[in-house]
Structures are given as C-alpha cells and as structure tokens.
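In what follows, a structure is listed as structure tokens, so that the remarks can point back to it.
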Amino acid sequence: MTMKLLLITAACFFLSALPAFGEEIKLPAGVSDEEALRLGEKMYREGILPSGEPMQAIVMGDIPVDGRMFTCDDCHQRSGLGSVEGTVITWPTNGKELYQPRRKTGAWRPPEGDAEKMNDRRNLPRYWQIEDARPAYTDRSLARVLLTGVDPAGRKLNPIMPLYLLGEEDMSILVHYLKNLSVEPAPGVDDSTIRFATVVAGNVAPEDRQAMLTTLQAHIDAHNSQSRHQERRSASGPFFKTEMYQAYRRLQLDVWELHGPEETWPAQLENYYAQEPVFALVGGLVAGSWRPVHEFCEQHKIPAIFPLTDFPVVAESDWYTLYFSKGLYQSGEAAARFLHAHERLADDAPVVVVFRENTESAALRRGFAESWRRFARPEPRYVSLGPDDRTTGEFWLDIARSHRPAVLLLWLGAEDLGGMDSLSGEEAVPKIFLSSEMLNYSFNSVPGNIREFAYLTYPRSLPETWDKRMLPVTRWLQARDIPVTNLEIQAKMYFLGWMLPGAIGYMRSEFFRDYFLEGFDMMTDQDYAIAVYPRLTFGAGQRYASKGCYIVRLTGGPDPRPVPLSDWVIH
C-alpha cells in the first residue's frame, strides 16, 4: 500500500469520528476545564497529545508531518491572533475571532451590541453592505476544519495548513482550548486606560532612579497629551473608523518600589499586583539580579519590557521578559565564539579563567563555559582569587608557567590588573581576554606593554559613533527640560518609549498580553532610536534584542581607544 493511500485511509478513519460531534463538543469524562486548557495548550504550542505522543498531521495533501514540526503557534502565534509572513496571511484562531463571522476586506461591522452603530450601517451605500467571508464557527465546524481543512463557508484552506489526525477526545480538548484562547482582555486595562508599572529595587542611586523615571514619564505624558484629540474621536468620530479610534487608551505609570533583601521582593510584588493589577512592566532598575521580578512575571504572565539590568535571566523557554541583551553573560559568550571561529586554536588548547567570586564574573564565566562546551572544547581551568589575594608580577608569571595557557580569561576589575606587565617578557605570551564592563570602560588600567596581546569584549556602540548616536536623545531631553544625568539609562528609556506606541497600536483593541509581546516580535530591526547599541533585532519568541558584542583591541599611548577586530554579531 502506498504512503498516499495509507494517509487517505488514516484520514477517513479520523473523519469517521466527526458525526459524533454535536454543535457543542463535550470534554472527556473526568477532564476538568483547567486540565483541558493545560493539555490543549501543550497541543497548540508544542504539538504534543495528552498521551505524551506527538500529534500527527498531513500538509500539502499527502505529506505526513510530526505535529512538533508545525505547531499551531508557529503561524497563528501564542495569542492566537495570527501573523503575516511575506505574502502569507495567517488568520486568528482565538475564540473571540473564531466564534463570530469574519468580515470581508472593506466590510464594516459595528461593535457587538451597539444598536446605534448597527442602524448607521443599514443606511450605508450598497458597497459597504458586504456579506461576511464566513459564518461563525461552532465546535463542530471547528473540528471539521482541523480535520479536513474546509471552513464553515465551504472554502478550502491553504494546503500548507496541517490537517490534524485527532481522535474524538483529543479533538474536544483542542477545540476547548481554542474556544477559550485570548477571549477576555488582560488585567490592567479598562475602557479608558492601560496601566503599566516600573520596578525600582535595592540600593539604586537616586540620580539613576530619576533618570529612568523622568524619561519614561515624559513618553507617557506625550501619549496622553491628546495632541490628535484621540478621546474625542473615540467618542464621536466617523462610525466606519470606530474600531481604530475606540482602541485608544490613556497610559498610566505606577512605580513599584521594593525594599529589603531580594528574598522579600516576590511578596512585595504580589502585594502591589493584588492592590492594582497592571497590564505590563516597562523599564525597571534593580541593584542586583532581575531574577525575582522575572520569575514573578513568568508566574503571572505579565510582560516586562526592557528592564535595566546587567544580570538578566538567560533561559531558552521563558517568555514574558524582553531584555536589551543577555548582559555580562553575552560578553562571555562572545569571547568563546570569537576564539573558536577566528583564532585557530588547537582543539585541546588550554584556557585558564582568573576571577573573583562575584555576580559579574559568574555571568561572564557561565556565558563563556556554556558556549565553549557547544564547540566540544575542554572545560577551562579556574583560578579563584580570595578576598585577601593580591595580583603581582610573580602571581601572573606563576599562572603562565604552571598552567601554560593558550588563552587567559581575566574576568576581573581594573584594581586586579597590577603586575600584568610581567607577562610581556614571557617566551609564549597567552592571548588575554578582558571585559570592558568589569573594567568600567577604564582602559588606562590595561598595561601598555600587553595591549598587543589583549582582547576586550565591548558590548555597545563604539566611541567614534557614540556622540552622533546620542544626539537625538540629548535634544529630546533638552526639549522637555530633562537634565542629562545618566545618558545610557536615559537613552535606553528613550528607545523603550519610542517602541511602546508601536506595540500598543499593533494590538488595536485586542488587549491581550501575549499579543502585546508579539507586537515587539514583529517589529523591524532598529538602528536609529537606540543609541547604546549599534543595532537591536527582533523576531518571534526572541527575548534578547541585542545579538552582538564587539571584540576590540586597544591603541597605545596615555588615552587608549578600542579598535574593533570583529563585526557586531559574532558567529
């Protein structure tokens, strides 16, 4: 029997279950609504059946595929509100859209239950009285389209849409999930306002706190200024622009101040959220790790957009926090990639890491080690400096002679580079890697006679472009009488404010948190409004917008400057 015949036979078997479905499909006995939503989410996002087996499907009429290859959210997005890729439009699959008729392009439908607007429609010319493209789905017709690719209007869907070979119970769970997907607007939004919050935690310098808050609030005030009479148009604008104008909301920014040790932050966050739920967090500044806030956002499914932190949570599967970069982890990662791709090191070349135990060096060590392992390289050797250990010329010579490293990674501050010039006299000087961030960009601390052997990670725009790139930011601040204090913080918040209206507008009036994040995912790459980085890139599910880090060397003389040895993105 041919593969095509096998597929047809299998499809007929699964289709035979369809008559058992009424217009409303019941869940299997013993499966609660909550459990069905959990299982349906796994089917929708991962292509995994409740049994734990992969879903099976057919594409292009006769090609069998594993459901994990074509998950629903790959095209329809996590929110279910669809996407556009080139010339392919993927329609929404969330309950709110599926269970009402779909308008044709050019048609207009008034808000549900708005009798006055409906009367307006009846008086429209005929060319506005366009029939709907399809009637509303029912549970039965939704099961039918998933099995056969034929919608309630009898239209055959694009053959790239998988036809899922699901039994009755599995189908009922998936239908239940879709019916409840992105139906109720998220907390933090009402008919007039979207409420945001920003988090300030730990021993943050007052001037840094002020730099972040004044810049953010200036963007909020600009949105709320009613320069285009948004609220008036929302109430009384042309009826055929109702959907556009009624999406407008004022923005409100709350400040969530967290005090005390990090282990108390989750309870404080819970208290703020219980008192006044917010739609999303924007910005944020903490002294220490962002992890407590990150985990709170994952638990409550709250977007957090561009917090100011050098210590983000680096994870493959977490969804709700969009970071500028991976922070110091990314610099360690960049060093590993550069050494592997550009320096022609022997496969077993010894690497020695010298560090003090602190948060900064831990992030650098992890970023380097995890990337180094992916290249099947041997584990680095580690030399930890104790609180009383001091680096001297003798210390560095002992490291070089006892370990004979090909590469010496010094994840240290400027105060720990004393005596390094002794290495210049060695017969085989190792390649030396330093972190610009840990040196606080104080390049004079690197001894002149080892600069020709030293590489530095440099995760931001180069000095020769810095002033030019910062010019729009400083002019914007000056126009609003905001003093320039910490320009890096202000530039990052300027960029966040630049991007926020686009993500809000992308939602239209569909105020769902996943859809809000997808608005950022769908944005084009940015190289204008972001002065701190040469470029920020966006894509579906990507949670670290900066993908790059320069590797630089220093010039000689009393005022060394970095000279790039690599492109911004290191492969």
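Following the order of the structure tokens, first chain is A, next is B, and so on, with residues numbered from 1 inside each chain and ligands from 1 in the order they appear.
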Return as a tab-separated table the residues of stretch 357-408 of chain A lying at most 12 Å from stretch 280-289 of chain A, together with the closest atom-to-atom pair for each and the distance in Å to one decimal, counting only C-alpha atoms, with rows in chain order and ascending residue number.
residue	atom	partner	partner_atom	distance
A:Asn358	CA	A:Gly288	CA	10.9
A:Thr359	CA	A:Gly288	CA	8.2
A:Glu360	CA	A:Gly288	CA	10.0
A:Ala362	CA	A:Ser289	CA	11.9
A:Ala363	CA	A:Ser289	CA	10.7
Exercise. Find the residues around A:Ile194 up to 12 Å (only C-alpha atoms counted), leave out those fewer than 2 positions away in its own chain, and share them as a PyMOL selection string.
Key: chain A and resi 185-192+196-197+220+223-224+247-254+276-281+501+504+509+511-513+516
Quiz item: A:Asp74, A:Asp567, A:Glu437, A:Glu343: which is nearest A:Ile551, counting only C-alpha atoms?
Solution: A:Asp567
Exercise. Between atom CA of A:Pro562 and atom CA of A:Leu345, measure the distance and give it in Å to one decimal.
Key: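 These atoms are spaced 23.6 Å apart.
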Quiz item: Please, which residues of stretch 273-514 of chain A, numbered as in this document, come out alpha helix (DSSP H) from DSSP, as a count of residues only?
Solution: 95
Practice problem: Within 12 Å of A:Asp348, counting only C-alpha atoms, which residues show up once you throw out same-chain ones fewer than 5 positions away? Write them as an MDAnalysis selection string, please. | Solution: chainID A and resid 340 372 375:380 405:407
Sort by chain and increasing residue number a table of all residues of stretch 306-378 of chain A within 10 Å of stretch 419-433 of chain A, each with its closest pair of atoms and their distance in Å to one decimal, counting only C-alpha atoms, and write it as JSON lines.
{"residue": "A:Gly332", "atom": "CA", "partner": "A:Phe433", "partner_atom": "CA", "distance": 9.7}
{"residue": "A:Ala335", "atom": "CA", "partner": "A:Phe433", "partner_atom": "CA", "distance": 7.6}
{"residue": "A:Leu339", "atom": "CA", "partner": "A:Lys431", "partner_atom": "CA", "distance": 9.5}
{"residue": "A:Glu343", "atom": "CA", "partner": "A:Lys431", "partner_atom": "CA", "distance": 9.6}
{"residue": "A:Pro350", "atom": "CA", "partner": "A:Pro430", "partner_atom": "CA", "distance": 10.0}
{"residue": "A:Val351", "atom": "CA", "partner": "A:Pro430", "partner_atom": "CA", "distance": 9.3}
{"residue": "A:Val352", "atom": "CA", "partner": "A:Ile432", "partner_atom": "CA", "distance": 9.8}
{"residue": "A:Val353", "atom": "CA", "partner": "A:Phe433", "partner_atom": "CA", "distance": 9.4}
Quiz item: Could you name the residues that touch stretch 131-147 of chain A at 6 Å or less, counting only C-alpha atoms, but leaving out those on the same chain fewer than 6 positions away, as a ChimeraX atom specification?
Solution: /A:21-25,98-104,153,163-164
Take the selection from the previous step and output its residues with N, CA and C atoms, as a PDB file, in the first residue's frame.
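Listed below is the output, part.pdb:
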ATOM      1  N   PHE A  21     -19.680  14.471  16.864  1.00  0.00           N
ATOM      2  CA  PHE A  21     -19.622  15.806  17.442  1.00  0.00           C
ATOM      3  C   PHE A  21     -20.935  16.530  17.196  1.00  0.00           C
ATOM      4  N   GLY A  22     -21.482  17.078  18.245  1.00  0.00           N
ATOM      5  CA  GLY A  22     -22.611  17.988  18.059  1.00  0.00           C
ATOM      6  C   GLY A  22     -22.095  19.383  17.786  1.00  0.00           C
ATOM      7  N   GLU A  23     -23.017  20.380  17.789  1.00  0.00           N
ATOM      8  CA  GLU A  23     -22.557  21.756  17.587  1.00  0.00           C
ATOM      9  C   GLU A  23     -21.686  22.193  18.749  1.00  0.00           C
ATOM     10  N   GLU A  24     -21.918  21.624  19.940  1.00  0.00           N
ATOM     11  CA  GLU A  24     -21.060  21.893  21.094  1.00  0.00           C
ATOM     12  C   GLU A  24     -20.426  20.593  21.543  1.00  0.00           C
ATOM     13  N   ILE A  25     -19.101  20.573  21.615  1.00  0.00           N
ATOM     14  CA  ILE A  25     -18.368  19.366  21.947  1.00  0.00           C
ATOM     15  C   ILE A  25     -18.105  19.321  23.449  1.00  0.00           C
ATOM     16  N   LEU A  98     -12.846  33.319  16.187  1.00  0.00           N
ATOM     17  CA  LEU A  98     -13.426  32.146  15.531  1.00  0.00           C
ATOM     18  C   LEU A  98     -14.942  32.085  15.680  1.00  0.00           C
ATOM     19  N   TYR A  99     -15.428  32.464  16.848  1.00  0.00           N
ATOM     20  CA  TYR A  99     -16.848  32.258  17.146  1.00  0.00           C
ATOM     21  C   TYR A  99     -17.701  33.486  16.814  1.00  0.00           C
ATOM     22  N   GLN A 100     -17.260  34.267  15.833  1.00  0.00           N
ATOM     23  CA  GLN A 100     -18.087  35.307  15.238  1.00  0.00           C
ATOM     24  C   GLN A 100     -17.797  35.339  13.735  1.00  0.00           C
ATOM     25  N   PRO A 101     -18.702  35.839  12.917  1.00  0.00           N
ATOM     26  CA  PRO A 101     -18.457  35.861  11.471  1.00  0.00           C
ATOM     27  C   PRO A 101     -17.235  36.703  11.138  1.00  0.00           C
ATOM     28  N   ARG A 102     -16.560  36.342  10.047  1.00  0.00           N
ATOM     29  CA  ARG A 102     -15.422  37.142   9.598  1.00  0.00           C
ATOM     30  C   ARG A 102     -15.863  38.063   8.472  1.00  0.00           C
ATOM     31  N   ARG A 103     -15.494  39.329   8.606  1.00  0.00           N
ATOM     32  CA  ARG A 103     -15.797  40.309   7.568  1.00  0.00           C
ATOM     33  C   ARG A 103     -14.880  40.131   6.374  1.00  0.00           C
ATOM     34  N   LYS A 104     -15.363  40.451   5.203  1.00  0.00           N
ATOM     35  CA  LYS A 104     -14.501  40.569   4.037  1.00  0.00           C
ATOM     36  C   LYS A 104     -13.754  41.896   4.105  1.00  0.00           C
ATOM     37  N   ALA A 153     -17.767  28.198   5.504  1.00  0.00           N
ATOM     38  CA  ALA A 153     -18.313  28.692   4.234  1.00  0.00           C
ATOM     39  C   ALA A 153     -18.042  27.721   3.099  1.00  0.00           C
ATOM     40  N   LEU A 163      -3.518  19.260   8.411  1.00  0.00           N
ATOM     41  CA  LEU A 163      -4.765  18.571   8.773  1.00  0.00           C
ATOM     42  C   LEU A 163      -4.407  17.598   9.885  1.00  0.00           C
ATOM     43  N   TYR A 164      -4.967  17.830  11.065  1.00  0.00           N
ATOM     44  CA  TYR A 164      -4.553  17.086  12.251  1.00  0.00           C
ATOM     45  C   TYR A 164      -5.389  15.820  12.407  1.00  0.00           C
TER      46      TYR A 164
END
Applying 10 Å and only C-alpha atoms, which residues near stretch 48-59 of chain A remain after dropping the ones on its own chain fewer than 6 positions away? List them as a PDB file with C-alpha atoms, in the first residue's frame.
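Result written to result.pdb:
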ATOM      1  CA  LEU A   7      -2.713   8.624   4.597  1.00  0.00           C
ATOM      2  CA  ILE A   8      -6.119   8.630   2.926  1.00  0.00           C
ATOM      3  CA  ALA A  11      -7.742  10.427   7.370  1.00  0.00           C
ATOM      4  CA  ALA A  36      -8.270  20.650  29.364  1.00  0.00           C
ATOM      5  CA  ARG A  38      -3.369  22.832  30.164  1.00  0.00           C
ATOM      6  CA  LEU A  39      -3.458  19.862  27.805  1.00  0.00           C
ATOM      7  CA  GLY A  40      -4.788  21.965  24.933  1.00  0.00           C
ATOM      8  CA  GLU A  41      -2.004  24.494  25.441  1.00  0.00           C
ATOM      9  CA  LYS A  42       0.561  21.695  25.070  1.00  0.00           C
ATOM     10  CA  VAL A  65       4.414  15.515   9.412  1.00  0.00           C
ATOM     11  CA  ASP A  66       5.100  15.264  13.090  1.00  0.00           C
ATOM     12  CA  GLY A  67       2.936  17.871  14.881  1.00  0.00           C
ATOM     13  CA  ARG A  68       6.034  19.223  16.610  1.00  0.00           C
ATOM     14  CA  MET A  69       7.328  20.398  13.218  1.00  0.00           C
ATOM     15  CA  PHE A  70       4.265  22.568  12.562  1.00  0.00           C
ATOM     16  CA  THR A  71       2.924  23.712  15.908  1.00  0.00           C
ATOM     17  CA  LEU A 146      -8.945  20.959  11.751  1.00  0.00           C
ATOM     18  CA  LEU A 147      -9.621  17.524  10.259  1.00  0.00           C
ATOM     19  CA  THR A 148     -10.434  18.449   6.654  1.00  0.00           C
ATOM     20  CA  ASN A 158      -4.260  26.792   2.006  1.00  0.00           C
ATOM     21  CA  PRO A 159      -2.774  23.269   1.759  1.00  0.00           C
ATOM     22  CA  ILE A 160       0.169  24.299   3.940  1.00  0.00           C
ATOM     23  CA  MET A 161      -2.307  24.329   6.850  1.00  0.00           C
ATOM     24  CA  PRO A 162      -1.814  20.945   8.557  1.00  0.00           C
ATOM     25  CA  LEU A 163      -4.765  18.571   8.773  1.00  0.00           C
ATOM     26  CA  TYR A 164      -4.553  17.086  12.251  1.00  0.00           C
ATOM     27  CA  LEU A 165      -5.366  13.391  12.671  1.00  0.00           C
ATOM     28  CA  LEU A 166      -7.084  13.617  16.058  1.00  0.00           C
ATOM     29  CA  GLU A 169     -11.225  13.072  22.922  1.00  0.00           C
ATOM     30  CA  ASP A 170      -8.067  14.833  21.715  1.00  0.00           C
ATOM     31  CA  MET A 171     -10.114  16.939  19.318  1.00  0.00           C
ATOM     32  CA  ILE A 173      -9.558  19.211  24.193  1.00  0.00           C
ATOM     33  CA  LEU A 174      -8.014  21.235  21.338  1.00  0.00           C
TER      34      LEU A 174
END
Quiz prompt | Distance criterion (only C-alpha atoms): nearest to A:Arg209 out of A:Glu97, A:Cys297, A:His176, A:Thr485 | solution =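 Ranked by minimum distance to A:Arg209, first place goes to A:Thr485.
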Self-check item: Long-range neighbours of A:Pro472 as a count of residues only, 10 Å cut-off, only C-alpha atoms, 5 positions minimum in chain
Solution: 9
Exercise. Pick out the closest residue to A:Val313 from this set: A:Gly80, A:Pro292, A:Pro64, A:Gly149. Count only C-alpha atoms.
Key: A:Pro292
Quiz prompt | Residue among A:Leu258, A:Val293, A:Val175, A:Leu81 lying closest to A:Leu27, counting only C-alpha atoms | solution = A:Val175
Quiz item: Can you list every residue in stretch 172-316 of chain A that DSSP puts in strand (DSSP E), as an MDAnalysis selection string?
Solution: chainID A and resid 193:201 250:258 280:282 285:286 304:305
Write the residues you've just listed into a file as a PDB file, in the first residue's frame, and include N, CA and C atoms for each of them.
ATOM      1  N   THR A 193      -8.042  53.343  30.053  1.00  0.00           N
ATOM      2  CA  THR A 193      -6.647  53.395  30.498  1.00  0.00           C
ATOM      3  C   THR A 193      -5.967  52.034  30.390  1.00  0.00           C
ATOM      4  N   ILE A 194      -4.696  52.066  30.005  1.00  0.00           N
ATOM      5  CA  ILE A 194      -3.806  50.915  30.162  1.00  0.00           C
ATOM      6  C   ILE A 194      -2.829  51.264  31.276  1.00  0.00           C
ATOM      7  N   ARG A 195      -2.776  50.418  32.272  1.00  0.00           N
ATOM      8  CA  ARG A 195      -1.926  50.688  33.438  1.00  0.00           C
ATOM      9  C   ARG A 195      -0.627  49.889  33.311  1.00  0.00           C
ATOM     10  N   PHE A 196       0.492  50.587  33.387  1.00  0.00           N
ATOM     11  CA  PHE A 196       1.818  49.976  33.413  1.00  0.00           C
ATOM     12  C   PHE A 196       2.457  50.246  34.780  1.00  0.00           C
ATOM     13  N   ALA A 197       3.494  49.491  35.069  1.00  0.00           N
ATOM     14  CA  ALA A 197       4.296  49.750  36.274  1.00  0.00           C
ATOM     15  C   ALA A 197       5.765  49.625  35.927  1.00  0.00           C
ATOM     16  N   THR A 198       6.611  50.282  36.696  1.00  0.00           N
ATOM     17  CA  THR A 198       8.046  50.079  36.603  1.00  0.00           C
ATOM     18  C   THR A 198       8.567  49.770  38.005  1.00  0.00           C
ATOM     19  N   VAL A 199       9.565  48.915  38.067  1.00  0.00           N
ATOM     20  CA  VAL A 199      10.079  48.415  39.350  1.00  0.00           C
ATOM     21  C   VAL A 199      11.418  49.081  39.664  1.00  0.00           C
ATOM     22  N   VAL A 200      11.541  49.588  40.889  1.00  0.00           N
ATOM     23  CA  VAL A 200      12.820  50.084  41.397  1.00  0.00           C
ATOM     24  C   VAL A 200      13.117  49.301  42.670  1.00  0.00           C
ATOM     25  N   ALA A 201      14.262  48.620  42.703  1.00  0.00           N
ATOM     26  CA  ALA A 201      14.532  47.724  43.828  1.00  0.00           C
ATOM     27  C   ALA A 201      15.987  47.786  44.246  1.00  0.00           C
ATOM     28  N   ARG A 250      -5.585  56.019  27.410  1.00  0.00           N
ATOM     29  CA  ARG A 250      -4.535  56.730  28.127  1.00  0.00           C
ATOM     30  C   ARG A 250      -3.610  55.714  28.790  1.00  0.00           C
ATOM     31  N   LEU A 251      -2.391  56.137  29.074  1.00  0.00           N
ATOM     32  CA  LEU A 251      -1.425  55.284  29.765  1.00  0.00           C
ATOM     33  C   LEU A 251      -1.187  55.820  31.163  1.00  0.00           C
ATOM     34  N   GLN A 252      -1.044  54.916  32.115  1.00  0.00           N
ATOM     35  CA  GLN A 252      -0.710  55.299  33.491  1.00  0.00           C
ATOM     36  C   GLN A 252       0.503  54.508  33.931  1.00  0.00           C
ATOM     37  N   LEU A 253       1.446  55.184  34.573  1.00  0.00           N
ATOM     38  CA  LEU A 253       2.674  54.537  35.038  1.00  0.00           C
ATOM     39  C   LEU A 253       2.734  54.548  36.552  1.00  0.00           C
ATOM     40  N   ASP A 254       2.699  53.367  37.162  1.00  0.00           N
ATOM     41  CA  ASP A 254       2.891  53.217  38.601  1.00  0.00           C
ATOM     42  C   ASP A 254       4.356  52.869  38.876  1.00  0.00           C
ATOM     43  N   VAL A 255       4.841  53.259  40.037  1.00  0.00           N
ATOM     44  CA  VAL A 255       6.208  52.929  40.447  1.00  0.00           C
ATOM     45  C   VAL A 255       6.121  51.939  41.607  1.00  0.00           C
ATOM     46  N   TRP A 256       6.649  50.751  41.403  1.00  0.00           N
ATOM     47  CA  TRP A 256       6.672  49.729  42.444  1.00  0.00           C
ATOM     48  C   TRP A 256       8.070  49.740  43.083  1.00  0.00           C
ATOM     49  N   GLU A 257       8.158  50.331  44.262  1.00  0.00           N
ATOM     50  CA  GLU A 257       9.424  50.404  44.996  1.00  0.00           C
ATOM     51  C   GLU A 257       9.552  49.158  45.885  1.00  0.00           C
ATOM     52  N   LEU A 258      10.654  48.429  45.724  1.00  0.00           N
ATOM     53  CA  LEU A 258      10.907  47.243  46.536  1.00  0.00           C
ATOM     54  C   LEU A 258      12.053  47.532  47.500  1.00  0.00           C
ATOM     55  N   ALA A 280       1.364  45.471  32.092  1.00  0.00           N
ATOM     56  CA  ALA A 280       2.754  45.090  31.824  1.00  0.00           C
ATOM     57  C   ALA A 280       3.686  45.941  32.679  1.00  0.00           C
ATOM     58  N   LEU A 281       4.923  45.471  32.815  1.00  0.00           N
ATOM     59  CA  LEU A 281       6.001  46.259  33.404  1.00  0.00           C
ATOM     60  C   LEU A 281       6.835  46.856  32.273  1.00  0.00           C
ATOM     61  N   VAL A 282       7.280  48.092  32.458  1.00  0.00           N
ATOM     62  CA  VAL A 282       8.143  48.731  31.470  1.00  0.00           C
ATOM     63  C   VAL A 282       9.374  49.285  32.185  1.00  0.00           C
ATOM     64  N   LEU A 285      14.624  49.113  37.290  1.00  0.00           N
ATOM     65  CA  LEU A 285      16.027  49.260  37.678  1.00  0.00           C
ATOM     66  C   LEU A 285      16.211  48.619  39.038  1.00  0.00           C
ATOM     67  N   VAL A 286      17.096  47.638  39.117  1.00  0.00           N
ATOM     68  CA  VAL A 286      17.341  46.960  40.390  1.00  0.00           C
ATOM     69  C   VAL A 286      18.837  46.908  40.654  1.00  0.00           C
ATOM     70  N   ALA A 304       7.282  42.096  30.718  1.00  0.00           N
ATOM     71  CA  ALA A 304       8.233  43.070  31.273  1.00  0.00           C
ATOM     72  C   ALA A 304       9.139  43.489  30.124  1.00  0.00           C
ATOM     73  N   ILE A 305       9.113  44.775  29.780  1.00  0.00           N
ATOM     74  CA  ILE A 305       9.771  45.246  28.572  1.00  0.00           C
ATOM     75  C   ILE A 305      11.015  46.059  28.928  1.00  0.00           C
TER      76      ILE A 305
END
Quiz item: Counting only C-alpha atoms, what is within 7 Å of stretch 318-329 of chain A, bar same-chain residues fewer than 4 positions away, as a PyMOL selection string?
Solution: chain A and resi 294+297-298+301-307+310-312+314+333+360+363-364+366-367+543-546
Exercise. Check the smallest atom-to-atom distance from each of A:Phe296, A:Trp290, A:Phe368, A:Phe338 to A:Tyr273 using only C-alpha atoms, then report the winner.
Key: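 The closest residue to A:Tyr273 is A:Phe296.
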Self-check item: Pairwise distance for atom CA of A:Ala205 and atom CA of A:Leu417, rounded to one decimal in Å
Solution: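 Interatomic distance, atom CA of A:Ala205 to atom CA of A:Leu417: 27.3 Å.
Atom to atom, atom CA of A:Ala334 and atom CA of A:Pro564 stand 13.2 Å apart.
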Quiz item: For A:Cys75, which residue among A:Arg535, A:Tyr550, A:Asp388, A:Gly541 is the nearest when counting only C-alpha atoms?
Solution: A:Gly541
